[in-house]
Amino acid sequence: MAEVNAALKENEMTQEGFDPKILGFFCHWCCYAAADSAGVSRYQYPPNVRVIRVMCTGRIDARFVIEAFRCGADGVFTGG
Amino acid sequence: MTEAARQLLEDCGVDQERLALEWASAAEAPRFVELITGYVSSIKEKGPLGAAAGEIPREEMKRRLSAAVKAAEARKPRTLLGNLAKKLAKSGDYSPEAISKGVSQKVLPAMRSERIAVEARMILEEGPVDIDSLCKGTGASAQELEKIMAPLEKKGIVSRKKNKFSLAGRK
């Protein structure tokens with residue numbers, strides 16, 4: 001929960017124009033590794049996602065998602 | 001879980017498409033890039049939280065979401081969600097329709113009334129109000145609110161005078 005808060009707090013000052021804040025919950029074994037290899041092979045993707053790595057997508061709870069929106073996220077992307 | 005979060009978000013006035021659940025294996029970097037790019041552009045189209053069609057103003061949404069976090073933590077809806085998971089495992093039917101139906105019938109009512117109860121208390125903390133403004137603030141119908149407020153009154157958390165509710169022990 002605290003991690004959700006922290007991930008979304010950081011950039012509150014940079015709100016010029018609309019740059020969506022998206023929180024990503026990535027599974028360590030799948031999506032996180034995919035994101036990593038996307039970086040390594042130099043694919044371009046939007047920098048709007050702040051990532052929280054979880055050991056398994058099953059760890060994610062409804063309240064994390066709602067907390068993220070409460071902290072002002074414009075979207076939550078769960079990647080398994 | 002996602003379905004429960006999704007329906008609770010909808011109940012809070014958040015466009016449910018803001019929550020995405022996608023699968024990409026470790027070897028699927030191009031697919032991941034595709035998914036994330038598509039998702040970010042769909043959010044850009046929707047605009048900031050509270051701006052998409054059918055969403056409520058941000059301040060009100062924030063209060064509603066704080067109440068929803070409490071509701072998602074509450075024991076009753078969590079037990080119901082666990083029971084539903086057990087039932088789904090028994091029937092072996094994991095189709096999105098079955099999950100969605102189960103959540104909206106079994107879990108959502110409990111989450112919703114929990115959320116309304118928490119939110120009503122948040123509103124009352126600022127001072128006594130009548131039932132109409134409570135309805136407006138929580139987005140619940142008068143009938144629903146009566147049902148939720150009655151046990152709070154009984155427990156002595158909320159008191160009622162001349163149709164105005166206030167938190168017990170406050171003037």
# chains A, B, ... in the order shown; residues from 1 in each chain; ligands from 1
>>> interface_residues(of="chain A", to="chain B", cutoff="6 Å", atoms="only C-alpha atoms", output="ChimeraX atom specification")
/A:30-31,33-34,37-38,45,62-63,70,74-80
>>> write_last_selection(atoms="C-alpha atoms", output="PDB file, in the first residue's frame")
ATOM      1  CA  CYS A  30       6.239 -12.604 -16.885  1.00  0.00           C
ATOM      2  CA  CYS A  31       5.407  -9.029 -17.643  1.00  0.00           C
ATOM      3  CA  ALA A  33      10.702  -9.746 -17.611  1.00  0.00           C
ATOM      4  CA  ALA A  34       8.924  -8.815 -20.844  1.00  0.00           C
ATOM      5  CA  SER A  37      13.628  -7.503 -22.496  1.00  0.00           C
ATOM      6  CA  ALA A  38      11.665  -4.843 -24.386  1.00  0.00           C
ATOM      7  CA  TYR A  45       7.052   2.421 -25.410  1.00  0.00           C
ATOM      8  CA  ALA A  62      -8.647  -5.032  -4.960  1.00  0.00           C
ATOM      9  CA  ARG A  63      -7.640  -2.476  -2.390  1.00  0.00           C
ATOM     10  CA  ARG A  70      -7.423   7.356  -4.841  1.00  0.00           C
ATOM     11  CA  ASP A  74      -5.381   7.792 -14.300  1.00  0.00           C
ATOM     12  CA  GLY A  75      -5.135   4.101 -14.985  1.00  0.00           C
ATOM     13  CA  VAL A  76      -3.931   0.817 -13.537  1.00  0.00           C
ATOM     14  CA  PHE A  77      -2.337  -1.787 -15.768  1.00  0.00           C
ATOM     15  CA  THR A  78      -1.972  -5.264 -14.369  1.00  0.00           C
ATOM     16  CA  GLY A  79       0.445  -7.445 -16.313  1.00  0.00           C
ATOM     17  CA  GLY A  80       0.683 -11.141 -15.707  1.00  0.00           C
TER      18      GLY A  80
END
>>> residues_around(residues="range 145-153 of chain B", least_positions_apart="2", cutoff="12 Å", atoms="only C-alpha atoms", output="MDAnalysis selection string")
chainID B and resid 109:110 112:121 124 130:143 155:161 163:168
>>> write_last_selection(atoms="N, CA and C atoms", output="compact mmCIF listing (two decimals), in the first residue's frame")
# COMPACT_ATOMS: atom_id res chain seq x y z
N PRO B 109 -23.02 -6.21 -3.60
CA PRO B 109 -23.94 -5.59 -2.64
C PRO B 109 -23.27 -5.32 -1.29
N ALA B 110 -22.48 -6.29 -0.81
CA ALA B 110 -21.82 -6.11 0.48
C ALA B 110 -20.77 -5.01 0.41
N ARG B 112 -20.74 -2.53 -1.67
CA ARG B 112 -21.40 -1.25 -1.86
C ARG B 112 -21.97 -0.71 -0.55
N SER B 113 -22.65 -1.58 0.21
CA SER B 113 -23.24 -1.04 1.43
C SER B 113 -22.16 -0.68 2.43
N GLU B 114 -21.06 -1.44 2.43
CA GLU B 114 -19.94 -1.09 3.31
C GLU B 114 -19.39 0.29 2.92
N ARG B 115 -19.22 0.48 1.63
CA ARG B 115 -18.70 1.76 1.13
C ARG B 115 -19.62 2.90 1.50
N ILE B 116 -20.93 2.69 1.33
CA ILE B 116 -21.87 3.76 1.63
C ILE B 116 -21.85 4.08 3.13
N ALA B 117 -21.76 3.03 3.95
CA ALA B 117 -21.74 3.25 5.40
C ALA B 117 -20.51 4.08 5.79
N VAL B 118 -19.35 3.71 5.22
CA VAL B 118 -18.12 4.45 5.55
C VAL B 118 -18.21 5.88 5.05
N GLU B 119 -18.72 6.03 3.83
CA GLU B 119 -18.77 7.36 3.24
C GLU B 119 -19.77 8.25 3.98
N ALA B 120 -20.89 7.67 4.38
CA ALA B 120 -21.89 8.45 5.12
C ALA B 120 -21.27 8.98 6.40
N ARG B 121 -20.46 8.14 7.05
CA ARG B 121 -19.81 8.60 8.29
C ARG B 121 -18.82 9.71 8.00
N LEU B 124 -20.81 12.81 7.61
CA LEU B 124 -21.36 13.28 8.88
C LEU B 124 -20.28 13.88 9.77
N ASP B 130 -29.24 16.19 6.30
CA ASP B 130 -30.47 15.40 6.15
C ASP B 130 -30.23 14.28 5.13
N ILE B 131 -31.26 13.45 4.99
CA ILE B 131 -31.06 12.25 4.20
C ILE B 131 -30.83 12.54 2.71
N ASP B 132 -31.44 13.63 2.24
CA ASP B 132 -31.29 13.95 0.82
C ASP B 132 -29.84 14.25 0.45
N SER B 133 -29.18 15.04 1.31
CA SER B 133 -27.79 15.35 0.97
C SER B 133 -26.88 14.14 1.17
N LEU B 134 -27.27 13.26 2.09
CA LEU B 134 -26.50 12.00 2.22
C LEU B 134 -26.65 11.16 0.95
N CYS B 135 -27.86 11.13 0.42
CA CYS B 135 -28.11 10.39 -0.82
C CYS B 135 -27.26 10.95 -1.94
N LYS B 136 -27.25 12.28 -2.02
CA LYS B 136 -26.50 12.94 -3.09
C LYS B 136 -25.01 12.67 -2.94
N GLY B 137 -24.56 12.75 -1.69
CA GLY B 137 -23.13 12.59 -1.43
C GLY B 137 -22.63 11.18 -1.70
N THR B 138 -23.45 10.19 -1.36
CA THR B 138 -22.97 8.82 -1.50
C THR B 138 -23.43 8.15 -2.78
N GLY B 139 -24.39 8.77 -3.45
CA GLY B 139 -24.90 8.17 -4.68
C GLY B 139 -25.81 7.00 -4.42
N ALA B 140 -26.34 6.92 -3.20
CA ALA B 140 -27.24 5.81 -2.87
C ALA B 140 -28.68 6.30 -2.90
N SER B 141 -29.62 5.37 -3.03
CA SER B 141 -31.03 5.76 -2.97
C SER B 141 -31.44 5.89 -1.51
N ALA B 142 -32.55 6.61 -1.27
CA ALA B 142 -33.01 6.85 0.09
C ALA B 142 -33.30 5.52 0.79
N GLN B 143 -33.88 4.61 0.01
CA GLN B 143 -34.25 3.30 0.56
C GLN B 143 -33.00 2.55 1.05
N LYS B 155 -26.64 0.89 16.94
CA LYS B 155 -25.38 0.74 17.66
C LYS B 155 -24.99 2.02 18.38
N GLY B 156 -25.73 3.10 18.10
CA GLY B 156 -25.42 4.36 18.75
C GLY B 156 -24.29 5.14 18.11
N ILE B 157 -23.95 4.79 16.86
CA ILE B 157 -22.90 5.52 16.17
C ILE B 157 -23.47 6.81 15.57
N VAL B 158 -24.70 6.67 15.08
CA VAL B 158 -25.34 7.81 14.42
C VAL B 158 -26.63 8.12 15.16
N SER B 159 -26.93 9.40 15.33
CA SER B 159 -28.22 9.74 15.91
C SER B 159 -29.03 10.56 14.92
N ARG B 160 -30.31 10.59 15.14
CA ARG B 160 -31.20 11.20 14.17
C ARG B 160 -32.18 12.10 14.90
N LYS B 161 -32.24 13.36 14.48
CA LYS B 161 -33.18 14.29 15.08
C LYS B 161 -33.83 15.10 13.99
N ASN B 163 -35.20 14.36 11.27
CA ASN B 163 -34.77 13.99 9.92
C ASN B 163 -33.34 14.36 9.57
N LYS B 164 -32.60 14.85 10.56
CA LYS B 164 -31.18 15.15 10.30
C LYS B 164 -30.31 14.13 11.01
N PHE B 165 -29.34 13.64 10.28
CA PHE B 165 -28.42 12.67 10.89
C PHE B 165 -27.21 13.39 11.44
N SER B 166 -26.68 12.88 12.56
CA SER B 166 -25.39 13.39 13.01
C SER B 166 -24.65 12.26 13.71
N LEU B 167 -23.36 12.42 13.85
CA LEU B 167 -22.59 11.41 14.56
C LEU B 167 -22.90 11.55 16.05
N ALA B 168 -23.08 10.42 16.73
CA ALA B 168 -23.40 10.47 18.15
C ALA B 168 -22.26 11.12 18.91
>>> select_by_dssp(residues="range 22-66 of chain A", states="strand (DSSP E)", output="ChimeraX atom specification")
/A:22-27,49-54
>>> atom_distance(atom1="CA of Val54 in chain A", atom2="CA of Ile22 in chain A")
16.1 Å
>>> closest_residue(among="B:Val107, B:Val129, B:Ile123, B:Glu10", to="Pro77 in chain B", atoms="only C-alpha atoms")
B:Val107
>>> select_by_dssp(residues="chain B", states="alpha helix (DSSP H)", output="PyMOL selection string")
chain B and resi 2-11+29-46+58-73+75-91+96-102+108-125+131-138+142-154
>>> write_last_selection(atoms="C-alpha atoms", output="mmCIF file, in the first residue's frame")
data_model
loop_
_atom_site.group_PDB
_atom_site.id
_atom_site.type_symbol
_atom_site.label_atom_id
_atom_site.label_comp_id
_atom_site.auth_asym_id
_atom_site.auth_seq_id
_atom_site.Cartn_x
_atom_site.Cartn_y
_atom_site.Cartn_z
ATOM 1 C CA THR B 2 -10.044 -7.949 -10.831
ATOM 2 C CA GLU B 3 -13.748 -8.281 -11.417
ATOM 3 C CA ALA B 4 -14.462 -7.247 -7.828
ATOM 4 C CA ALA B 5 -12.130 -4.255 -8.128
ATOM 5 C CA ARG B 6 -13.687 -3.361 -11.440
ATOM 6 C CA GLN B 7 -17.229 -3.412 -10.154
ATOM 7 C CA LEU B 8 -16.289 -1.499 -7.038
ATOM 8 C CA LEU B 9 -14.591 1.146 -9.199
ATOM 9 C CA GLU B 10 -17.694 1.432 -11.342
ATOM 10 C CA ASP B 11 -19.684 1.894 -8.149
ATOM 11 C CA ALA B 29 8.515 -8.170 -25.452
ATOM 12 C CA PRO B 30 6.907 -6.979 -28.715
ATOM 13 C CA ARG B 31 3.483 -8.004 -27.478
ATOM 14 C CA PHE B 32 4.114 -6.201 -24.202
ATOM 15 C CA VAL B 33 5.083 -3.025 -26.038
ATOM 16 C CA GLU B 34 1.965 -3.273 -28.169
ATOM 17 C CA LEU B 35 -0.285 -3.748 -25.133
ATOM 18 C CA ILE B 36 1.206 -0.939 -23.123
ATOM 19 C CA THR B 37 1.191 1.496 -26.057
ATOM 20 C CA GLY B 38 -2.442 0.722 -26.809
ATOM 21 C CA TYR B 39 -3.398 1.060 -23.185
ATOM 22 C CA VAL B 40 -1.612 4.383 -22.664
ATOM 23 C CA SER B 41 -3.206 5.874 -25.752
ATOM 24 C CA SER B 42 -6.660 4.719 -24.661
ATOM 25 C CA ILE B 43 -6.134 6.449 -21.311
ATOM 26 C CA LYS B 44 -4.910 9.578 -23.094
ATOM 27 C CA GLU B 45 -8.140 9.565 -25.040
ATOM 28 C CA LYS B 46 -10.197 9.303 -21.879
ATOM 29 C CA ARG B 58 -12.643 14.403 -8.721
ATOM 30 C CA GLU B 59 -13.125 15.664 -5.164
ATOM 31 C CA GLU B 60 -16.230 13.594 -4.665
ATOM 32 C CA MET B 61 -14.532 10.631 -6.296
ATOM 33 C CA LYS B 62 -11.621 10.892 -3.922
ATOM 34 C CA ARG B 63 -13.862 10.620 -0.893
ATOM 35 C CA ARG B 64 -15.728 7.773 -2.485
ATOM 36 C CA LEU B 65 -12.510 5.930 -3.239
ATOM 37 C CA SER B 66 -11.220 6.380 0.317
ATOM 38 C CA ALA B 67 -14.429 4.779 1.508
ATOM 39 C CA ALA B 68 -14.020 2.049 -1.107
ATOM 40 C CA VAL B 69 -10.532 1.154 0.159
ATOM 41 C CA LYS B 70 -12.080 0.587 3.579
ATOM 42 C CA ALA B 71 -14.872 -1.432 1.989
ATOM 43 C CA ALA B 72 -12.371 -3.609 0.127
ATOM 44 C CA GLU B 73 -10.605 -4.262 3.432
ATOM 45 C CA ARG B 75 -14.243 -8.666 6.461
ATOM 46 C CA LYS B 76 -17.689 -9.363 5.053
ATOM 47 C CA PRO B 77 -17.011 -8.668 1.367
ATOM 48 C CA ARG B 78 -13.679 -10.475 1.593
ATOM 49 C CA THR B 79 -15.336 -13.558 3.036
ATOM 50 C CA LEU B 80 -17.945 -13.441 0.301
ATOM 51 C CA LEU B 81 -15.247 -13.155 -2.346
ATOM 52 C CA GLY B 82 -13.479 -16.163 -0.853
ATOM 53 C CA ASN B 83 -16.702 -18.159 -0.855
ATOM 54 C CA LEU B 84 -17.319 -17.203 -4.457
ATOM 55 C CA ALA B 85 -13.831 -18.370 -5.413
ATOM 56 C CA LYS B 86 -14.541 -21.704 -3.739
ATOM 57 C CA LYS B 87 -17.834 -22.020 -5.561
ATOM 58 C CA LEU B 88 -16.236 -21.225 -8.914
ATOM 59 C CA ALA B 89 -13.524 -23.794 -8.306
ATOM 60 C CA LYS B 90 -16.159 -26.406 -7.526
ATOM 61 C CA SER B 91 -18.193 -25.712 -10.641
ATOM 62 C CA PRO B 96 -15.885 -14.101 -17.559
ATOM 63 C CA GLU B 97 -19.683 -14.147 -17.528
ATOM 64 C CA ALA B 98 -19.857 -16.551 -14.594
ATOM 65 C CA ILE B 99 -17.307 -14.542 -12.620
ATOM 66 C CA SER B 100 -18.961 -11.238 -13.378
ATOM 67 C CA LYS B 101 -22.383 -12.561 -12.460
ATOM 68 C CA GLY B 102 -21.104 -14.092 -9.229
ATOM 69 C CA LEU B 108 -20.882 -6.191 -4.865
ATOM 70 C CA PRO B 109 -23.937 -5.586 -2.641
ATOM 71 C CA ALA B 110 -21.818 -6.114 0.484
ATOM 72 C CA MET B 111 -18.980 -3.950 -0.844
ATOM 73 C CA ARG B 112 -21.402 -1.251 -1.861
ATOM 74 C CA SER B 113 -23.243 -1.037 1.431
ATOM 75 C CA GLU B 114 -19.939 -1.091 3.307
ATOM 76 C CA ARG B 115 -18.699 1.760 1.126
ATOM 77 C CA ILE B 116 -21.874 3.764 1.635
ATOM 78 C CA ALA B 117 -21.740 3.251 5.396
ATOM 79 C CA VAL B 118 -18.121 4.445 5.550
ATOM 80 C CA GLU B 119 -18.775 7.362 3.235
ATOM 81 C CA ALA B 120 -21.887 8.448 5.118
ATOM 82 C CA ARG B 121 -19.811 8.595 8.288
ATOM 83 C CA MET B 122 -17.188 10.661 6.470
ATOM 84 C CA ILE B 123 -19.865 13.135 5.400
ATOM 85 C CA LEU B 124 -21.355 13.285 8.877
ATOM 86 C CA GLU B 125 -17.980 14.066 10.352
ATOM 87 C CA ILE B 131 -31.062 12.247 4.200
ATOM 88 C CA ASP B 132 -31.285 13.950 0.815
ATOM 89 C CA SER B 133 -27.787 15.353 0.968
ATOM 90 C CA LEU B 134 -26.505 12.001 2.218
ATOM 91 C CA CYS B 135 -28.111 10.388 -0.822
ATOM 92 C CA LYS B 136 -26.504 12.936 -3.090
ATOM 93 C CA GLY B 137 -23.129 12.589 -1.434
ATOM 94 C CA THR B 138 -22.970 8.815 -1.499
ATOM 95 C CA ALA B 142 -33.006 6.849 0.094
ATOM 96 C CA GLN B 143 -34.250 3.301 0.558
ATOM 97 C CA GLU B 144 -30.722 1.902 0.529
ATOM 98 C CA LEU B 145 -29.514 4.533 2.968
ATOM 99 C CA GLU B 146 -32.354 3.872 5.412
ATOM 100 C CA LYS B 147 -31.308 0.235 5.461
ATOM 101 C CA ILE B 148 -27.654 1.102 6.065
ATOM 102 C CA MET B 149 -28.263 3.817 8.643
ATOM 103 C CA ALA B 150 -30.674 1.784 10.764
ATOM 104 C CA PRO B 151 -28.026 -0.548 12.266
ATOM 105 C CA LEU B 152 -25.649 2.395 12.780
ATOM 106 C CA GLU B 153 -28.404 4.134 14.716
ATOM 107 C CA LYS B 154 -29.032 1.027 16.754
#
